[in-house]
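As provided, query20.cif (mmCIF, C-alpha atoms) reads as follows.
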data_run
loop_
_atom_site.label_atom_id
_atom_site.label_comp_id
_atom_site.auth_asym_id
_atom_site.auth_seq_id
_atom_site.Cartn_x
_atom_site.Cartn_y
_atom_site.Cartn_z
CA MET A 113 -118.18 93.02 -41.35
CA THR A 114 -118.40 91.76 -44.91
CA THR A 115 -116.01 92.46 -47.75
CA ARG A 116 -118.65 94.69 -49.37
CA THR A 117 -118.57 97.01 -46.34
CA MET A 118 -114.90 97.65 -47.11
CA ASP A 119 -115.48 98.48 -50.79
CA PRO A 120 -113.58 101.73 -51.63
CA ALA A 121 -116.31 103.04 -53.95
CA GLN A 122 -118.97 102.64 -51.28
CA GLU A 123 -116.70 104.18 -48.65
CA LEU A 124 -115.98 107.12 -50.98
CA ALA A 125 -119.72 107.67 -51.33
CA ALA A 126 -120.32 107.47 -47.57
CA PHE A 127 -117.35 109.73 -46.81
CA LEU A 128 -118.55 112.43 -49.20
CA ARG A 129 -122.05 112.29 -47.72
CA SER A 130 -120.77 112.50 -44.16
CA ARG A 131 -118.56 115.50 -44.87
CA ARG A 132 -121.28 117.30 -46.84
CA GLU A 133 -123.78 116.76 -44.03
CA GLY A 134 -121.27 117.98 -41.46
CA LEU A 135 -120.81 121.44 -42.97
CA ASP A 136 -122.58 124.50 -41.59
CA PRO A 137 -124.05 126.57 -44.49
CA ASP A 138 -124.14 129.72 -42.35
CA ARG A 139 -120.42 129.54 -41.61
CA LEU A 140 -119.67 129.20 -45.32
CA GLY A 141 -121.58 132.38 -46.09
CA LEU A 142 -123.99 130.71 -48.50
CA PRO A 143 -127.18 132.58 -49.42
CA SER A 144 -130.33 131.55 -47.58
CA PRO A 145 -132.20 128.84 -49.53
CA ARG A 146 -135.65 129.45 -50.94
CA ARG A 147 -137.04 126.45 -49.08
CA PRO A 148 -136.23 125.35 -45.50
CA ARG A 149 -133.47 122.79 -45.02
CA ARG A 150 -134.83 119.41 -43.97
CA THR A 151 -131.44 117.80 -43.40
CA PRO A 152 -128.19 119.08 -41.85
CA GLY A 153 -125.28 120.32 -43.91
CA LEU A 154 -125.06 121.42 -47.51
CA ARG A 155 -127.31 120.31 -50.32
CA ARG A 156 -125.78 118.35 -53.17
CA GLU A 157 -126.39 121.20 -55.60
CA GLU A 158 -124.46 123.55 -53.31
CA VAL A 159 -121.46 121.20 -53.21
CA ALA A 160 -121.69 120.85 -56.99
CA GLU A 161 -121.65 124.62 -57.46
CA LEU A 162 -118.72 125.09 -55.09
CA ALA A 163 -116.76 122.31 -56.83
CA GLY A 164 -117.65 123.33 -60.37
CA VAL A 165 -119.29 120.00 -61.30
CA SER A 166 -122.85 118.98 -62.06
CA THR A 167 -125.34 118.07 -59.35
CA ASP A 168 -125.96 114.76 -61.12
CA TYR A 169 -122.24 113.97 -60.84
CA VAL A 170 -122.29 114.59 -57.07
CA VAL A 171 -125.42 112.42 -56.75
CA ARG A 172 -123.80 109.55 -58.63
CA LEU A 173 -120.63 109.84 -56.54
CA GLU A 174 -122.65 109.71 -53.31
CA GLN A 175 -124.51 106.66 -54.61
CA GLY A 176 -121.25 104.79 -55.30
CA ARG A 177 -122.12 104.24 -58.94
CA GLY A 178 -118.65 103.31 -60.14
CA LEU A 179 -117.36 106.75 -61.11
CA ARG A 180 -113.59 107.33 -61.11
CA PRO A 181 -113.15 111.07 -60.53
CA SER A 182 -109.97 112.71 -61.76
CA ALA A 183 -107.41 114.27 -59.45
CA GLU A 184 -108.67 117.69 -60.50
CA VAL A 185 -112.27 116.85 -59.56
CA LEU A 186 -111.13 115.39 -56.24
CA ALA A 187 -109.16 118.54 -55.46
CA ALA A 188 -112.24 120.65 -56.24
CA LEU A 189 -114.43 118.47 -54.00
CA ALA A 190 -111.86 118.66 -51.21
CA ARG A 191 -111.96 122.46 -51.38
CA ALA A 192 -115.75 122.56 -51.54
CA LEU A 193 -116.07 120.26 -48.53
CA ARG A 194 -113.34 122.08 -46.56
CA LEU A 195 -111.36 118.87 -46.02
CA ASP A 196 -108.24 119.05 -43.90
CA PRO A 197 -104.97 117.54 -45.29
CA SER A 198 -105.59 114.09 -43.76
CA GLU A 199 -109.15 113.97 -45.09
CA ARG A 200 -107.94 115.11 -48.52
CA ASP A 201 -105.35 112.31 -48.62
CA TYR A 202 -108.06 109.85 -47.61
CA LEU A 203 -110.33 111.04 -50.43
CA PHE A 204 -107.54 110.66 -53.00
CA ASP A 205 -106.62 107.20 -51.72
CA LEU A 206 -110.23 106.00 -51.87
CA ALA A 207 -110.43 107.13 -55.49
CA GLY A 208 -107.21 105.34 -56.42
CA HIS A 209 -105.00 108.41 -56.69
CA ARG A 210 -102.05 107.59 -54.47
CA ARG A 211 -100.12 110.28 -52.67
CA PRO A 212 -96.65 110.96 -54.15
CA GLY A 213 -94.05 108.80 -52.41
CA THR A 214 -96.54 106.27 -51.01
CA THR A 215 -95.16 102.76 -51.26
CA GLY A 216 -96.71 99.34 -50.97
CA GLY A 217 -95.00 98.57 -47.70
CA PRO A 218 -91.73 98.79 -45.76
CA ALA A 219 -88.53 97.60 -47.34
CA ALA A 220 -87.51 94.12 -46.23
CA ASP A 221 -84.18 95.34 -44.86
CA ALA A 222 -85.66 98.27 -42.94
CA THR A 223 -86.85 96.46 -39.83
CA PRO A 224 -83.48 95.11 -38.53
CA SER A 225 -81.81 98.52 -38.72
CA LEU A 226 -84.75 100.29 -37.08
CA ALA A 227 -85.05 97.54 -34.46
CA ARG A 228 -81.48 98.30 -33.41
CA LEU A 229 -82.43 101.96 -33.17
CA VAL A 230 -85.34 101.02 -30.88
CA ASP A 231 -82.87 99.27 -28.58
CA ASP A 232 -80.51 102.25 -28.70
CA LEU A 233 -83.31 104.54 -27.47
CA SER A 234 -83.23 102.89 -24.02
CA PRO A 235 -83.98 103.98 -21.34
CA LEU A 236 -86.84 105.71 -23.19
CA PRO A 237 -89.69 103.24 -23.91
CA ALA A 238 -89.89 102.81 -27.68
CA MET A 239 -91.40 100.49 -30.27
CA LEU A 240 -91.63 100.13 -34.04
CA LEU A 241 -95.00 99.66 -35.75
CA ASP A 242 -96.18 99.17 -39.32
CA HIS A 243 -99.22 100.75 -40.97
CA ARG A 244 -101.50 98.06 -39.43
CA TYR A 245 -100.19 98.89 -35.94
CA ASP A 246 -98.47 95.50 -35.78
CA ILE A 247 -95.62 95.83 -33.27
CA LEU A 248 -92.41 94.86 -35.09
CA ALA A 249 -89.82 95.72 -32.44
CA TRP A 250 -89.69 97.06 -28.88
CA ASN A 251 -87.13 97.67 -26.18
CA PRO A 252 -87.19 96.26 -22.61
CA GLU A 253 -88.55 99.53 -21.21
CA MET A 254 -91.62 99.42 -23.47
CA ALA A 255 -92.18 95.75 -22.60
CA ARG A 256 -92.20 96.63 -18.88
CA LEU A 257 -94.50 99.60 -19.41
CA LEU A 258 -97.20 97.68 -21.33
CA PRO A 259 -98.99 95.38 -18.84
CA ASP A 260 -98.34 91.65 -19.43
CA PHE A 261 -96.92 92.41 -22.87
CA GLU A 262 -94.50 89.48 -22.82
CA THR A 263 -97.40 87.04 -22.36
CA VAL A 264 -99.02 88.09 -25.65
CA PRO A 265 -98.29 85.65 -28.53
CA PRO A 266 -96.23 87.25 -31.34
CA SER A 267 -99.11 86.92 -33.81
CA ARG A 268 -101.34 89.01 -31.49
CA ARG A 269 -98.88 91.85 -30.89
CA ASN A 270 -100.87 94.65 -32.50
CA ALA A 271 -101.24 97.96 -30.67
CA MET A 272 -104.95 98.32 -31.46
CA ARG A 273 -105.71 94.71 -30.56
CA LEU A 274 -103.93 95.14 -27.22
CA CYS A 275 -105.95 98.26 -26.43
CA LEU A 276 -109.25 96.64 -27.41
CA LEU A 277 -108.99 92.99 -26.47
CA HIS A 278 -106.07 92.45 -24.06
CA PRO A 279 -107.66 92.33 -20.56
CA ALA A 280 -104.62 93.83 -18.82
CA MET A 281 -104.84 96.92 -21.04
CA ARG A 282 -108.52 97.76 -20.48
CA GLY A 283 -107.79 100.41 -17.86
CA PHE A 284 -104.26 101.31 -18.97
CA TYR A 285 -105.15 104.55 -20.78
CA ALA A 286 -106.95 107.14 -18.65
CA ASP A 287 -108.53 108.63 -21.79
CA ARG A 288 -109.14 105.34 -23.53
CA GLU A 289 -111.73 106.69 -25.96
CA GLN A 290 -109.38 109.37 -27.29
CA VAL A 291 -106.61 106.80 -27.73
CA LEU A 292 -109.05 104.64 -29.68
CA ARG A 293 -110.20 107.61 -31.77
CA ASP A 294 -106.62 108.44 -32.72
CA GLY A 295 -105.81 104.82 -33.54
CA ILE A 296 -108.96 104.32 -35.60
CA ALA A 297 -108.34 107.56 -37.52
CA HIS A 298 -104.92 106.19 -38.45
CA LEU A 299 -106.24 102.74 -39.41
CA ARG A 300 -108.90 104.27 -41.65
CA ALA A 301 -106.28 106.33 -43.48
CA ALA A 302 -104.02 103.26 -43.75
CA TRP A 303 -106.85 101.15 -45.16
CA ALA A 304 -107.55 103.70 -47.92
CA ALA A 305 -103.83 103.87 -48.78
CA HIS A 306 -103.54 100.05 -48.89
CA PRO A 307 -106.70 98.70 -50.56
CA GLU A 308 -104.80 95.55 -51.55
CA ASP A 309 -103.88 94.70 -47.93
CA ARG A 310 -106.27 91.87 -47.09
CA GLU A 311 -104.70 91.37 -43.68
CA LEU A 312 -105.53 94.96 -42.72
CA SER A 313 -109.12 94.59 -43.97
CA ARG A 314 -109.44 91.34 -42.01
CA LEU A 315 -108.05 93.02 -38.90
CA ILE A 316 -110.53 95.90 -39.11
CA ALA A 317 -113.39 93.47 -39.70
CA GLU A 318 -112.35 91.54 -36.59
CA PHE A 319 -112.32 94.68 -34.46
CA VAL A 320 -115.70 95.87 -35.75
CA THR A 321 -117.37 92.54 -34.98
CA GLN A 322 -115.70 91.95 -31.61
CA ASP A 323 -115.79 95.41 -30.02
CA GLU A 324 -118.85 97.69 -29.98
CA GLU A 325 -116.79 100.77 -29.09
CA PHE A 326 -114.51 100.26 -32.10
CA ALA A 327 -117.54 99.78 -34.37
CA ARG A 328 -119.13 103.00 -33.10
CA LEU A 329 -115.97 105.08 -33.56
CA TRP A 330 -115.16 103.49 -36.93
CA SER A 331 -118.56 104.59 -38.26
CA GLU A 332 -117.67 108.26 -37.55
CA ARG A 333 -115.19 108.18 -40.48
CA LYS A 334 -112.52 110.30 -38.83
CA VAL A 335 -109.12 110.13 -40.51
CA GLY A 336 -105.67 111.41 -39.65
CA VAL A 337 -102.51 110.68 -37.69
CA ASN A 338 -101.69 112.20 -34.30
CA GLY A 339 -97.91 112.34 -34.23
CA ARG A 340 -97.34 114.11 -30.94
CA GLY A 341 -99.14 114.49 -27.65
CA GLN A 342 -99.52 113.41 -24.06
CA LYS A 343 -101.14 110.42 -22.40
CA LEU A 344 -101.98 109.55 -18.82
CA LEU A 345 -101.19 105.90 -18.19
CA ARG A 346 -102.45 103.83 -15.27
CA HIS A 347 -99.86 101.15 -14.69
CA PRO A 348 -100.87 98.30 -12.34
CA VAL A 349 -97.51 98.47 -10.51
CA ALA A 350 -96.12 101.98 -11.05
CA GLY A 351 -99.43 103.82 -10.76
CA ALA A 352 -100.23 106.98 -12.74
CA ILE A 353 -97.59 107.99 -15.28
CA THR A 354 -97.95 110.93 -17.66
CA VAL A 355 -95.94 110.52 -20.87
CA ASP A 356 -95.22 112.74 -23.83
CA PHE A 357 -95.15 110.75 -27.05
CA GLU A 358 -93.60 111.29 -30.47
CA VAL A 359 -94.34 109.31 -33.62
CA LEU A 360 -91.45 109.45 -36.10
CA LEU A 361 -91.61 108.32 -39.75
CA PRO A 362 -88.35 107.03 -41.28
CA LEU A 363 -87.61 108.99 -44.44
CA GLN A 364 -86.89 105.89 -46.56
CA ASP A 365 -89.66 103.78 -45.01
CA PRO A 366 -92.65 106.06 -44.29
CA GLU A 367 -94.96 103.08 -43.81
CA LEU A 368 -93.20 102.38 -40.51
CA ARG A 369 -93.67 104.36 -37.31
CA LEU A 370 -91.28 104.78 -34.42
CA LEU A 371 -93.14 105.53 -31.18
CA VAL A 372 -91.17 106.99 -28.28
CA TYR A 373 -92.44 107.78 -24.77
CA ARG A 374 -90.87 110.24 -22.32
CA GLY A 375 -91.91 111.07 -18.77
CA ALA A 376 -93.82 114.36 -18.93
CA ASP A 377 -92.89 115.52 -15.42
CA GLU A 378 -90.37 114.75 -12.71
CA GLU A 379 -92.66 112.36 -10.84
CA SER A 380 -93.50 110.43 -14.03
CA ARG A 381 -89.83 110.22 -15.02
CA ALA A 382 -89.01 108.82 -11.58
CA SER A 383 -91.84 106.26 -11.84
CA LEU A 384 -90.63 105.17 -15.26
CA HIS A 385 -87.09 104.81 -13.97
CA ARG A 386 -88.18 102.63 -11.05
CA LEU A 387 -90.40 100.49 -13.29
CA CYS A 388 -87.79 99.95 -15.98
CA ALA A 389 -84.97 99.27 -13.51
CA ARG A 390 -86.75 96.24 -12.05
#

Would you give me this structure, written as structure tokens?
Amino acid sequence: MTTRTMDPAQELAAFLRSRREGLDPDRLGLPSPRRPRRTPGLRREEVAELAGVSTDYVVRLEQGRGLRPSAEVLAALARALRLDPSERDYLFDLAGHRRPGTTGGPAADATPSLARLVDDLSPLPAMLLDHRYDILAWNPEMARLLPDFETVPPSRRNAMRLCLLHPAMRGFYADREQVLRDGIAHLRAAWAAHPEDRELSRLIAEFVTQDEEFARLWSERKVGVNGRGQKLLRHPVAGAITVDFEVLLPLQDPELRLLVYRGADEESRASLHRLCAR
């Protein structure tokens, strides 16, 4: 991937096109057009009418012609395109309108305190991540749960990299594609919120060029953060383990994420206990 591919103006244009083309005119109750639709989704003039802007303005936005829409115009476009809250945040970030309370990164003194909290969460597997999914801290239970985690060099300890490129993790998630979708949706939102983060752009470029599955899912332009759910893990020693997960954001350092796993059923809790007691 080149730097140009990661240009916010071009991504804003592509994102608007993708969301416009993904809307169903019939479900929006729009009047039947005078001429048949040749392409899926809404026409540009329909989006313009719904948003209260000119069709030419929508055309120029979708062509990435250097426009800097105001917050009011972005809000109108978000309503017209029926964007969910995560997609709306993404749109605002791409246009350079940061969300209130968004910071440039975690405070320097945040990690030690939160790392101690990660240890205190034992025996529940837990780890601390930043907005790039770099793993900043983990407890012994999480290290035992992630296959061969201790053999990974510190510079390579990134949750997405492990899932994509660490051989021992290839079959770890039963629903690997959904895990990747969730992770990519987060990374896309993080990239829009941190356009100055060259390391994050470099990381995404690496994944796109080295993994075809990542490249395919990245091109879908899904955004959002899944903060709670369930995963079926296939551990090479402990076998199948179903975990409930929670992602917690520290109030003073919302760029960090605390991930905690819990056994979802009695059998999984017993398997975790045996694994972590070794």

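Residues surrounding region 184-198 of chain A within 8 Å are A:Arg131, A:Arg132, A:Leu135, A:Val159, A:Leu162, A:Ala163, A:Gly164, A:Val165, A:Pro181, A:Ser182, A:Arg200, A:Asp201, A:Tyr202, A:Leu203, A:Phe204, A:Ala301, A:Val335, A:Gly336, A:Val337 [all atoms listed in the file; sequence separation below 2 positions excluded].
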
Using the chain letters and numbers from the file, give me the residues hit by the PyMOL selection byres ((chain A and resi 176) around 7), as number ranges by chain.
A: 121-122, 125, 172-175, 177-178

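The gap separating CA of Ala286 (chain A) from CA of Ile316 (chain A) is 23.6 Å, in Å to one decimal.
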
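Closest to Thr223 (chain A) among A:Arg314, A:Arg369, A:Arg269, A:Arg328 is A:Arg369, based on all atoms listed in the file.
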
Need to verify the contact set: region 227-236 of chain A, 7 Å, all atoms listed in the file, exclusion of same-chain residues closer than 2 positions in sequence. Can you return it as number ranges by chain?
A: 223-225, 238-239, 249-251, 253, 372-374

Would you save the residues of that selection, restricted to C-alpha atoms, as a CSV table (one decimal), in the frame of the given file?
chain,number,residue,atom,x,y,z
A,223,THR,CA,-86.8,96.5,-39.8
A,224,PRO,CA,-83.5,95.1,-38.5
A,225,SER,CA,-81.8,98.5,-38.7
A,238,ALA,CA,-89.9,102.8,-27.7
A,239,MET,CA,-91.4,100.5,-30.3
A,249,ALA,CA,-89.8,95.7,-32.4
A,250,TRP,CA,-89.7,97.1,-28.9
A,251,ASN,CA,-87.1,97.7,-26.2
A,253,GLU,CA,-88.6,99.5,-21.2
A,372,VAL,CA,-91.2,107.0,-28.3
A,373,TYR,CA,-92.4,107.8,-24.8
A,374,ARG,CA,-90.9,110.2,-22.3

Counting all atoms listed in the file, what is within 6 Å of Ile353 (chain A), bar same-chain residues fewer than 5 positions away, as number ranges by chain?
A: 344-345, 380

Hey, what comes out of the PyMOL selection byres ((chain A and resi 270-276) around 7) on this file? Could you write it as a list of chain:residue names?
A:Tyr245, A:Asp246, A:Ile247, A:Arg268, A:Arg269, A:Leu277, A:His278, A:Met281, A:Arg282, A:Gly295

Can you tell me, as an NGL selection string, what residues are no more than 8 Å from Ala160 (chain A) when counting all atoms listed in the file, ignoring any on the same chain fewer than 5 positions away?
:A and (165-167 or 169-170)

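Coordinates place CA of Glu311 (chain A) at a distance of 25.8 Å from CA of Leu128 (chain A).
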
Hits of the PyMOL selection byres ((chain A and resi 300) around 8) in this structure, as a ChimeraX atom specification:
/A:296-299,301-304,330,333-335

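You can rank A:Ala280, A:Leu368, A:Leu315, A:Leu384 by their closest distance to Phe261 (chain A) using all atoms listed in the file, and at the top of that list sits A:Ala280.
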
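Picture a line from CA of Arg256 (chain A) to CA of Arg381 (chain A); it runs 14.3 Å.
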
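Among the candidates A:Glu157, A:Glu133, A:Asp242, A:Asp119, the residue lying nearest to Leu361 (chain A) is A:Asp242 (atoms considered: only C-alpha atoms).
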
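In this comparison, which uses only C-alpha atoms, the residue of A:Leu371, A:Ala327, A:Val349, A:Leu292 approaching Ser383 (chain A) most closely is A:Val349.
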
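If only C-alpha atoms are the atoms counted, then among A:Val355, A:Glu378, A:Arg293, A:Glu325 the closest residue to Asn338 (chain A) is A:Arg293.
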